[in-house]
file coords21.tsv (TSV, C-alpha atoms)
chain	number	residue	atom	x	y	z
A	1	MET	CA	7.52	-8.63	-24.78
A	2	ILE	CA	10.43	-8.66	-22.34
A	3	GLN	CA	13.26	-10.70	-23.83
A	4	LYS	CA	14.86	-12.03	-20.65
A	5	PRO	CA	13.47	-13.12	-17.26
A	6	LEU	CA	14.47	-10.05	-15.28
A	7	GLN	CA	13.88	-10.43	-11.55
A	8	VAL	CA	11.94	-8.34	-9.07
A	9	ARG	CA	12.06	-9.03	-5.34
A	10	LEU	CA	10.22	-8.12	-2.22
A	11	ILE	CA	11.61	-5.03	-0.57
A	12	PRO	CA	13.70	-6.58	2.26
A	13	TYR	CA	12.00	-6.53	5.65
A	14	THR	CA	12.59	-7.73	9.21
A	15	ILE	CA	10.40	-10.13	11.17
A	16	ASP	CA	10.38	-8.76	14.71
A	17	SER	CA	8.00	-11.27	16.30
A	18	ILE	CA	5.16	-13.72	15.59
A	19	VAL	CA	2.24	-14.35	17.95
A	20	GLU	CA	-0.64	-16.83	17.90
A	21	THR	CA	-3.34	-14.35	18.87
A	22	THR	CA	-3.85	-10.67	19.56
A	23	ASN	CA	-6.67	-8.20	19.97
A	24	GLU	CA	-5.48	-4.69	19.26
A	25	THR	CA	-5.59	-1.70	16.99
A	26	PRO	CA	-2.10	-1.53	15.48
A	27	LYS	CA	-0.10	1.51	16.55
A	28	GLY	CA	0.29	2.71	12.98
A	29	ILE	CA	-3.48	2.83	12.45
A	30	ASP	CA	-3.76	5.13	15.46
A	31	LEU	CA	-0.76	7.23	14.44
A	32	ILE	CA	-2.23	8.12	11.06
A	33	GLN	CA	-5.60	8.72	12.79
A	34	ALA	CA	-7.51	6.42	10.45
A	35	SER	CA	-10.43	5.85	12.80
A	36	THR	CA	-11.20	9.58	12.95
A	37	ILE	CA	-12.50	9.49	9.37
A	38	TRP	CA	-13.92	5.94	9.31
A	39	GLU	CA	-17.52	7.08	9.65
A	40	ALA	CA	-17.24	9.85	7.06
A	41	SER	CA	-15.42	7.54	4.62
A	42	LYS	CA	-17.64	4.49	5.26
A	43	HIS	CA	-14.55	2.57	6.41
A	44	GLY	CA	-13.46	2.33	2.76
A	45	GLU	CA	-16.57	0.37	1.76
A	46	GLY	CA	-16.86	-0.19	-1.99
A	47	ILE	CA	-13.18	0.48	-2.69
A	48	VAL	CA	-11.04	-2.35	-4.11
A	49	VAL	CA	-7.29	-2.36	-3.48
A	50	ALA	CA	-5.17	-4.66	-5.64
A	51	VAL	CA	-2.24	-6.07	-3.65
A	52	ILE	CA	0.51	-7.27	-6.00
A	53	ASP	CA	2.62	-9.44	-3.73
A	54	THR	CA	3.13	-13.06	-2.62
A	55	GLY	CA	-0.59	-13.83	-2.35
A	56	ILE	CA	-2.86	-13.94	0.67
A	57	GLU	CA	-3.91	-16.48	3.31
A	58	THR	CA	-7.51	-16.89	2.23
A	59	ASP	CA	-8.74	-18.48	5.47
A	60	HIS	CA	-7.23	-15.97	7.88
A	61	PRO	CA	-10.10	-14.84	10.15
A	62	ASP	CA	-9.25	-11.16	9.69
A	63	LEU	CA	-9.00	-11.42	5.90
A	64	LYS	CA	-11.35	-14.12	4.62
A	65	ASP	CA	-14.29	-11.72	4.23
A	66	GLN	CA	-12.13	-8.99	2.71
A	67	ILE	CA	-11.01	-10.86	-0.41
A	68	ILE	CA	-13.11	-10.06	-3.45
A	69	ASP	CA	-11.00	-12.05	-5.94
A	70	GLY	CA	-7.46	-13.07	-6.79
A	71	ARG	CA	-5.13	-14.56	-9.37
A	72	ASN	CA	-1.74	-16.23	-9.55
A	73	PHE	CA	0.75	-14.97	-12.15
A	74	THR	CA	3.73	-16.99	-10.88
A	75	SER	CA	5.09	-20.51	-11.38
A	76	ASP	CA	3.99	-21.49	-7.85
A	77	TYR	CA	1.24	-24.11	-7.59
A	78	ASP	CA	2.23	-25.31	-11.08
A	79	GLY	CA	1.18	-21.95	-12.44
A	80	GLU	CA	-2.50	-22.56	-11.64
A	81	PRO	CA	-4.02	-19.07	-11.96
A	82	THR	CA	-6.87	-19.68	-9.51
A	83	ILE	CA	-4.55	-20.57	-6.58
A	84	PHE	CA	-3.19	-17.39	-5.03
A	85	GLU	CA	-2.44	-18.62	-1.50
A	86	ASP	CA	0.44	-16.87	0.24
A	87	ASN	CA	3.46	-19.14	0.78
A	88	ASN	CA	5.72	-16.39	2.12
A	89	GLY	CA	3.78	-14.27	4.63
A	90	HIS	CA	4.53	-10.84	3.21
A	91	GLY	CA	1.37	-10.50	1.10
A	92	THR	CA	-0.85	-11.54	4.00
A	93	HIS	CA	0.80	-8.99	6.29
A	94	VAL	CA	0.46	-6.14	3.81
A	95	SER	CA	-3.17	-7.02	3.11
A	96	GLY	CA	-4.01	-6.92	6.81
A	97	THR	CA	-2.63	-3.41	7.21
A	98	ILE	CA	-4.82	-2.26	4.34
A	99	ALA	CA	-8.10	-3.93	5.18
A	100	ALA	CA	-8.16	-6.39	8.09
A	101	SER	CA	-11.78	-6.53	9.21
A	102	LEU	CA	-13.20	-4.71	12.22
A	103	ASN	CA	-14.36	-7.88	13.99
A	104	ASP	CA	-13.39	-7.20	17.61
A	105	ASP	CA	-10.56	-9.71	17.42
A	106	GLY	CA	-7.08	-9.86	15.94
A	107	VAL	CA	-6.08	-6.60	14.24
A	108	VAL	CA	-7.85	-3.99	12.13
A	109	GLY	CA	-6.72	-2.38	8.89
A	110	VAL	CA	-6.65	1.25	7.80
A	111	ALA	CA	-9.77	0.73	5.64
A	112	PRO	CA	-11.58	-2.21	7.28
A	113	LYS	CA	-14.46	-2.36	4.82
A	114	ALA	CA	-12.36	-2.09	1.66
A	115	LYS	CA	-11.86	-5.22	-0.42
A	116	ILE	CA	-8.62	-6.89	-1.50
A	117	LEU	CA	-7.91	-8.16	-5.02
A	118	SER	CA	-4.95	-10.44	-4.27
A	119	LEU	CA	-2.62	-10.73	-7.26
A	120	LYS	CA	0.20	-13.19	-6.60
A	121	ALA	CA	3.12	-12.01	-8.71
A	122	LEU	CA	5.94	-13.12	-6.40
A	123	THR	CA	6.83	-16.69	-5.46
A	124	GLY	CA	7.27	-18.12	-1.99
A	125	ASP	CA	10.91	-17.00	-1.91
A	126	GLY	CA	9.85	-13.41	-2.60
A	127	SER	CA	11.05	-13.18	-6.19
A	128	GLY	CA	9.30	-12.75	-9.50
A	129	GLU	CA	9.73	-11.80	-13.12
A	130	TYR	CA	9.08	-8.28	-14.33
A	131	GLU	CA	6.59	-9.75	-16.77
A	132	TRP	CA	4.53	-11.19	-13.92
A	133	ILE	CA	4.34	-7.76	-12.29
A	134	ILE	CA	3.39	-6.10	-15.56
A	135	ASN	CA	0.68	-8.67	-16.22
A	136	ALA	CA	-0.68	-8.21	-12.69
A	137	ILE	CA	-0.85	-4.42	-13.06
A	138	ASN	CA	-2.67	-4.71	-16.38
A	139	TYR	CA	-5.02	-7.33	-14.93
A	140	ALA	CA	-5.83	-5.05	-11.98
A	141	VAL	CA	-6.74	-2.18	-14.29
A	142	GLU	CA	-8.97	-4.33	-16.49
A	143	TRP	CA	-10.58	-6.36	-13.66
A	144	ARG	CA	-14.25	-5.88	-12.86
A	145	GLY	CA	-16.02	-7.33	-9.84
A	146	PRO	CA	-19.39	-9.06	-9.50
A	147	GLN	CA	-21.10	-5.69	-8.98
A	148	ASP	CA	-18.94	-4.03	-11.64
A	149	GLU	CA	-16.44	-2.90	-9.00
A	150	ARG	CA	-13.07	-1.74	-10.27
A	151	VAL	CA	-9.66	-1.33	-8.69
A	152	ARG	CA	-8.95	2.18	-7.40
A	153	VAL	CA	-5.60	1.50	-5.69
A	154	ILE	CA	-2.63	-0.79	-6.40
A	155	SER	CA	-0.20	-1.58	-3.56
A	156	MET	CA	3.27	-2.93	-4.39
A	157	SER	CA	6.00	-3.45	-1.78
A	158	LEU	CA	8.55	-4.75	-4.28
A	159	GLY	CA	11.38	-3.52	-6.43
A	160	GLY	CA	13.95	-4.34	-9.03
A	161	PRO	CA	17.21	-2.80	-10.28
A	162	GLU	CA	16.25	-2.15	-13.89
A	163	ASP	CA	14.06	0.36	-15.69
A	164	VAL	CA	11.86	-1.82	-17.89
A	165	PRO	CA	9.82	0.31	-20.32
A	166	GLU	CA	6.90	-2.14	-20.30
A	167	LEU	CA	6.61	-1.77	-16.52
A	168	HIS	CA	6.62	2.00	-16.79
A	169	GLU	CA	3.96	1.90	-19.51
A	170	ALA	CA	1.73	-0.38	-17.40
A	171	ILE	CA	1.96	2.04	-14.46
A	172	LYS	CA	1.29	5.09	-16.64
A	173	ASN	CA	-1.74	3.33	-18.08
A	174	ALA	CA	-3.04	2.51	-14.59
A	175	VAL	CA	-2.68	6.11	-13.42
A	176	SER	CA	-4.32	7.40	-16.60
A	177	GLN	CA	-7.32	5.25	-15.72
A	178	ASN	CA	-7.47	6.81	-12.25
A	179	VAL	CA	-5.81	4.00	-10.32
A	180	SER	CA	-3.43	5.21	-7.60
A	181	VAL	CA	-0.21	3.15	-7.60
A	182	VAL	CA	1.47	3.03	-4.18
A	183	VAL	CA	4.98	1.56	-3.86
A	184	ALA	CA	7.66	1.09	-1.20
A	185	ALA	CA	10.74	3.30	-1.28
A	186	GLY	CA	13.11	0.50	-0.33
A	187	ASN	CA	15.28	-0.35	2.65
A	188	GLU	CA	18.83	0.39	1.55
A	189	GLY	CA	18.90	3.82	3.16
A	190	ASP	CA	21.75	5.19	5.23
A	191	ASN	CA	20.33	8.72	5.87
A	192	ARG	CA	23.29	10.34	4.13
A	193	GLU	CA	22.38	13.60	2.43
A	194	ASP	CA	24.67	12.91	-0.54
A	195	THR	CA	23.45	9.36	-1.27
A	196	PHE	CA	20.24	8.40	-3.04
A	197	GLU	CA	18.89	4.84	-3.28
A	198	TYR	CA	16.45	3.81	-5.98
A	199	SER	CA	14.54	0.78	-7.15
A	200	TYR	CA	11.88	0.32	-9.79
A	201	PRO	CA	8.98	1.02	-9.90
A	202	GLY	CA	9.71	3.41	-7.01
A	203	LYS	CA	11.75	5.75	-9.18
A	204	TYR	CA	8.88	6.41	-11.59
A	205	ASN	CA	7.32	9.82	-11.02
A	206	GLU	CA	3.81	8.47	-11.61
A	207	VAL	CA	3.80	6.25	-8.50
A	208	ILE	CA	3.27	7.31	-4.90
A	209	GLN	CA	6.55	6.30	-3.23
A	210	VAL	CA	6.41	5.73	0.52
A	211	GLY	CA	9.21	5.94	3.07
A	212	ALA	CA	9.08	4.74	6.68
A	213	VAL	CA	9.14	6.27	10.14
A	214	ASP	CA	9.04	4.60	13.53
A	215	ASN	CA	6.31	4.95	16.15
A	216	ASN	CA	7.96	8.14	17.45
A	217	LEU	CA	7.83	9.64	13.92
A	218	ALA	CA	11.60	9.46	13.54
A	219	LEU	CA	12.90	8.33	10.16
A	220	ALA	CA	13.54	4.60	10.07
A	221	PRO	CA	17.29	4.02	9.64
A	222	PHE	CA	16.68	1.75	6.64
A	223	THR	CA	14.32	3.96	4.61
A	224	ASN	CA	15.62	5.01	1.18
A	225	ASN	CA	16.39	8.61	0.28
A	226	ASN	CA	15.71	10.00	-3.20
A	227	GLU	CA	14.01	12.83	-5.09
A	228	GLU	CA	10.83	10.81	-5.73
A	229	ILE	CA	9.78	10.16	-2.10
A	230	ASP	CA	6.20	11.40	-1.75
A	231	LEU	CA	5.48	10.87	1.96
A	232	VAL	CA	6.20	8.66	4.95
A	233	ALA	CA	4.11	6.31	7.10
A	234	PRO	CA	4.62	3.87	10.00
A	235	GLY	CA	7.02	1.09	9.02
A	236	VAL	CA	8.70	-0.13	12.22
A	237	GLU	CA	7.32	-3.00	14.32
A	238	VAL	CA	4.01	-3.05	12.45
A	239	ILE	CA	1.65	-5.75	13.74
A	240	SER	CA	-0.62	-7.36	11.13
A	241	THR	CA	-2.00	-10.65	9.84
A	242	TYR	CA	0.39	-13.52	9.10
A	243	LEU	CA	0.50	-17.14	7.94
A	244	GLY	CA	-1.07	-19.92	10.02
A	245	GLN	CA	-3.88	-17.55	11.08
A	246	LYS	CA	-1.27	-15.81	13.23
A	247	TYR	CA	-0.01	-12.26	13.60
A	248	ALA	CA	3.45	-10.81	13.11
A	249	SER	CA	5.35	-7.61	13.79
A	250	LEU	CA	7.43	-6.66	10.74
A	251	SER	CA	9.60	-3.67	9.85
A	252	GLY	CA	10.34	-2.13	6.44
A	253	THR	CA	9.06	0.37	3.91
A	254	SER	CA	6.95	-2.62	2.79
A	255	MET	CA	4.95	-2.06	5.97
A	256	ALA	CA	4.62	1.71	5.43
A	257	THR	CA	3.21	1.31	1.91
A	258	PRO	CA	-0.10	-0.40	2.84
A	259	HIS	CA	-0.85	2.36	5.36
A	260	ILE	CA	-0.97	4.74	2.41
A	261	ALA	CA	-2.91	2.34	0.16
A	262	GLY	CA	-5.55	2.02	2.88
A	263	ALA	CA	-5.55	5.76	3.49
A	264	ILE	CA	-6.27	6.41	-0.18
A	265	ALA	CA	-9.22	3.99	-0.03
A	266	LEU	CA	-10.68	6.11	2.79
A	267	LEU	CA	-9.93	9.41	1.03
A	268	ILE	CA	-11.61	8.32	-2.20
A	269	ASN	CA	-14.89	7.76	-0.35
A	270	LEU	CA	-14.50	10.88	1.78
A	271	SER	CA	-13.65	13.20	-1.12
A	272	GLU	CA	-16.15	11.86	-3.61
A	273	LYS	CA	-18.94	12.10	-1.04
A	274	GLU	CA	-18.02	15.68	-0.13
A	275	PHE	CA	-17.78	16.86	-3.74
A	276	GLY	CA	-20.54	14.65	-5.14
A	277	ARG	CA	-18.55	13.39	-8.12
A	278	PRO	CA	-15.81	10.90	-9.07
A	279	PHE	CA	-12.25	12.02	-8.45
A	280	SER	CA	-9.27	11.56	-10.75
A	281	GLU	CA	-6.02	10.01	-9.55
A	282	THR	CA	-4.46	13.49	-9.56
A	283	GLU	CA	-7.22	14.86	-7.38
A	284	ILE	CA	-6.92	11.99	-4.92
A	285	TYR	CA	-3.17	12.55	-4.73
A	286	ALA	CA	-3.83	16.20	-3.92
A	287	GLN	CA	-6.18	15.17	-1.11
A	288	LEU	CA	-3.50	12.83	0.23
A	289	VAL	CA	-0.76	15.46	0.20
A	290	LYS	CA	-3.09	17.96	1.95
A	291	ARG	CA	-3.04	15.55	4.87
A	292	THR	CA	0.70	15.39	5.40
A	293	LEU	CA	2.62	16.92	8.29
A	294	PRO	CA	6.25	17.94	7.63
A	295	LEU	CA	8.58	16.39	10.21
A	296	GLY	CA	11.60	18.57	9.55
A	297	ASN	CA	13.68	16.09	7.57
A	298	LEU	CA	15.09	16.57	4.09
A	299	LYS	CA	12.45	16.34	1.36
A	300	THR	CA	14.49	13.53	-0.15
A	301	SER	CA	13.84	11.57	3.05
A	302	GLU	CA	10.23	12.41	3.92
A	303	GLY	CA	8.77	14.01	0.79
A	304	ASN	CA	5.70	15.98	1.84
A	305	GLY	CA	5.79	14.54	5.35
A	306	PHE	CA	3.83	12.14	7.55
A	307	ILE	CA	0.26	11.16	6.68
A	308	LEU	CA	-2.36	12.44	9.17
A	309	LEU	CA	-5.83	11.66	7.91
A	310	ASN	CA	-7.70	14.19	10.05
A	311	LEU	CA	-5.20	17.02	9.55
A	312	VAL	CA	-7.50	19.07	7.29
A	313	GLU	CA	-10.40	18.72	9.72
A	314	LYS	CA	-8.16	19.70	12.64
A	315	ILE	CA	-7.02	22.85	10.82
A	316	HIS	CA	-10.66	23.76	10.16
A	317	GLU	CA	-11.43	23.32	13.86
A	318	ILE	CA	-8.57	25.62	14.83
A	319	MET	CA	-9.63	28.25	12.28
A	320	ASN	CA	-13.26	28.14	13.40
A	321	ALA	CA	-12.23	28.43	17.03
A	322	ALA	CA	-10.10	31.46	16.18
A	323	ARG	CA	-13.13	33.20	14.62
A	324	ILE	CA	-15.20	32.86	17.79
call {"tool": "encode", "arguments": {"input": "coords21.tsv", "output": "structure tokens"}}
result
Amino acid sequence: MIQKPLQVRLIPYTIDSIVETTNETPKGIDLIQASTIWEASKHGEGIVVAVIDTGIETDHPDLKDQIIDGRNFTSDYDGEPTIFEDNNGHGTHVSGTIAASLNDDGVVGVAPKAKILSLKALTGDGSGEYEWIINAINYAVEWRGPQDERVRVISMSLGGPEDVPELHEAIKNAVSQNVSVVVAAGNEGDNREDTFEYSYPGKYNEVIQVGAVDNNLALAPFTNNNEEIDLVAPGVEVISTYLGQKYASLSGTSMATPHIAGAIALLINLSEKEFGRPFSETEIYAQLVKRTLPLGNLKTSEGNGFILLNLVEKIHEIMNAARI
């Protein structure tokens, strides 16, 4: 048991704009080429992604059919565990990038037929106790759905300054049970080669740590640099679902992280169908890294590079064409 109420906070982010309505495929979804593998991956159908965040707006038209379950671990709503409504906006935005439905209105997520397990572990002001995060991770691993579904991906766009052993153990346990844990790198970056910025759980080797690029694939000026960056994804002016059944454009590594969580949902279906067997977390990570394109930055800034979901297929096309 943690002896003091250590605090975790949302990775800082910027609200660029809020709009009442929209009807578009977000730029980031196109950039990572998600739609090119939708059919082969069944749009992520059957995959559950646990979003550990500020909750979710349960009546948002792009999300209401995507929520399989949820739970509140915070003191909000008098600590009532069955009320996991978002009173911040961040959790709703992240969830939309992962799995907003393909309903010809609003926005669409990376994996539009995946389901969200919304675990509210941060309060309306974006803060929470390490113990809440730990409990949410353990709950996600143990959770089973009405058809015996289980969580395959955890998405966390949060961080704290301290290495808490119980948090590390919870993450190692999740990974050992073949749950991919995707986390934001953080937004304290200054792009200096001699300066590294860390937060936890991002520093743990077991997680998939995500940095951010803009829509021109240039490194975002805020994205953290460190030796544990795994890859980068769109994180600047990302349009997604927001409170009041609205839509918002936000910027931060918080926005890059759900692109990767959704991508993993697609790759699980794609890989397990191709090989005809369940994949381990390590094998899924290998499939993810195979689909990264180096951008020419330091590895401590971009890791393996930018996620391109059809990269392997494109290479096969080029090789086959060369044989003709």
call {"tool": "residues_near_point", "arguments": {"input": "coords21.tsv", "point": "(-7.7, -1.3, 2.6)", "cutoff": "6 Å", "atoms": "all atoms listed in the file", "output": "ChimeraX atom specification"}}
result
/A:98-99,110-111,114,262
call {"tool": "write_last_selection", "arguments": {"input": "coords21.tsv", "atoms": "C-alpha atoms", "output": "mmCIF file, in the coordinates of the input"}}
result
data_model
loop_
_atom_site.group_PDB
_atom_site.id
_atom_site.type_symbol
_atom_site.label_atom_id
_atom_site.label_comp_id
_atom_site.auth_asym_id
_atom_site.auth_seq_id
_atom_site.Cartn_x
_atom_site.Cartn_y
_atom_site.Cartn_z
ATOM 1 C CA ILE A 98 -4.820 -2.260 4.340
ATOM 2 C CA ALA A 99 -8.100 -3.930 5.180
ATOM 3 C CA VAL A 110 -6.650 1.250 7.800
ATOM 4 C CA ALA A 111 -9.770 0.730 5.640
ATOM 5 C CA ALA A 114 -12.360 -2.090 1.660
ATOM 6 C CA GLY A 262 -5.550 2.020 2.880
#
call {"tool": "residues_near_point", "arguments": {"input": "coords21.tsv", "point": "(15.7, -10.6, 8.7)", "cutoff": "12 Å", "atoms": "all atoms listed in the file", "output": "list in words"}}
result
Ile11, Pro12, Tyr13, Thr14, Ile15, Asp16, Ser17, Asn187, Ser249, Leu250, Ser251 and Gly252 of chain A
call {"tool": "residues_around", "arguments": {"input": "coords21.tsv", "residues": "region 288-305 of chain A", "least_positions_apart": "4", "cutoff": "10 Å", "atoms": "all atoms listed in the file", "output": "PyMOL selection string"}}
result
chain A and resi 32+185+189+191-193+195-196+209-213+217-220+223-233+260+263-264+267-268+282-284+309-313
call {"tool": "residues_around", "arguments": {"input": "coords21.tsv", "residues": "Lys115 (chain A)", "least_positions_apart": "5", "cutoff": "8 Å", "atoms": "only C-alpha atoms", "output": "mmCIF file with C-alpha atoms, in the coordinates of the input"}}
result
data_model
loop_
_atom_site.group_PDB
_atom_site.id
_atom_site.type_symbol
_atom_site.label_atom_id
_atom_site.label_comp_id
_atom_site.auth_asym_id
_atom_site.auth_seq_id
_atom_site.Cartn_x
_atom_site.Cartn_y
_atom_site.Cartn_z
ATOM 1 C CA GLU A 45 -16.570 0.370 1.760
ATOM 2 C CA GLY A 46 -16.860 -0.190 -1.990
ATOM 3 C CA ILE A 47 -13.180 0.480 -2.690
ATOM 4 C CA VAL A 48 -11.040 -2.350 -4.110
ATOM 5 C CA VAL A 49 -7.290 -2.360 -3.480
ATOM 6 C CA GLN A 66 -12.130 -8.990 2.710
ATOM 7 C CA ILE A 67 -11.010 -10.860 -0.410
ATOM 8 C CA ILE A 68 -13.110 -10.060 -3.450
ATOM 9 C CA ALA A 99 -8.100 -3.930 5.180
#
call {"tool": "atom_distance", "arguments": {"input": "coords21.tsv", "atom1": "CA of Glu142 (chain A)", "atom2": "CA of Arg71 (chain A)"}}
result
13.0 Å
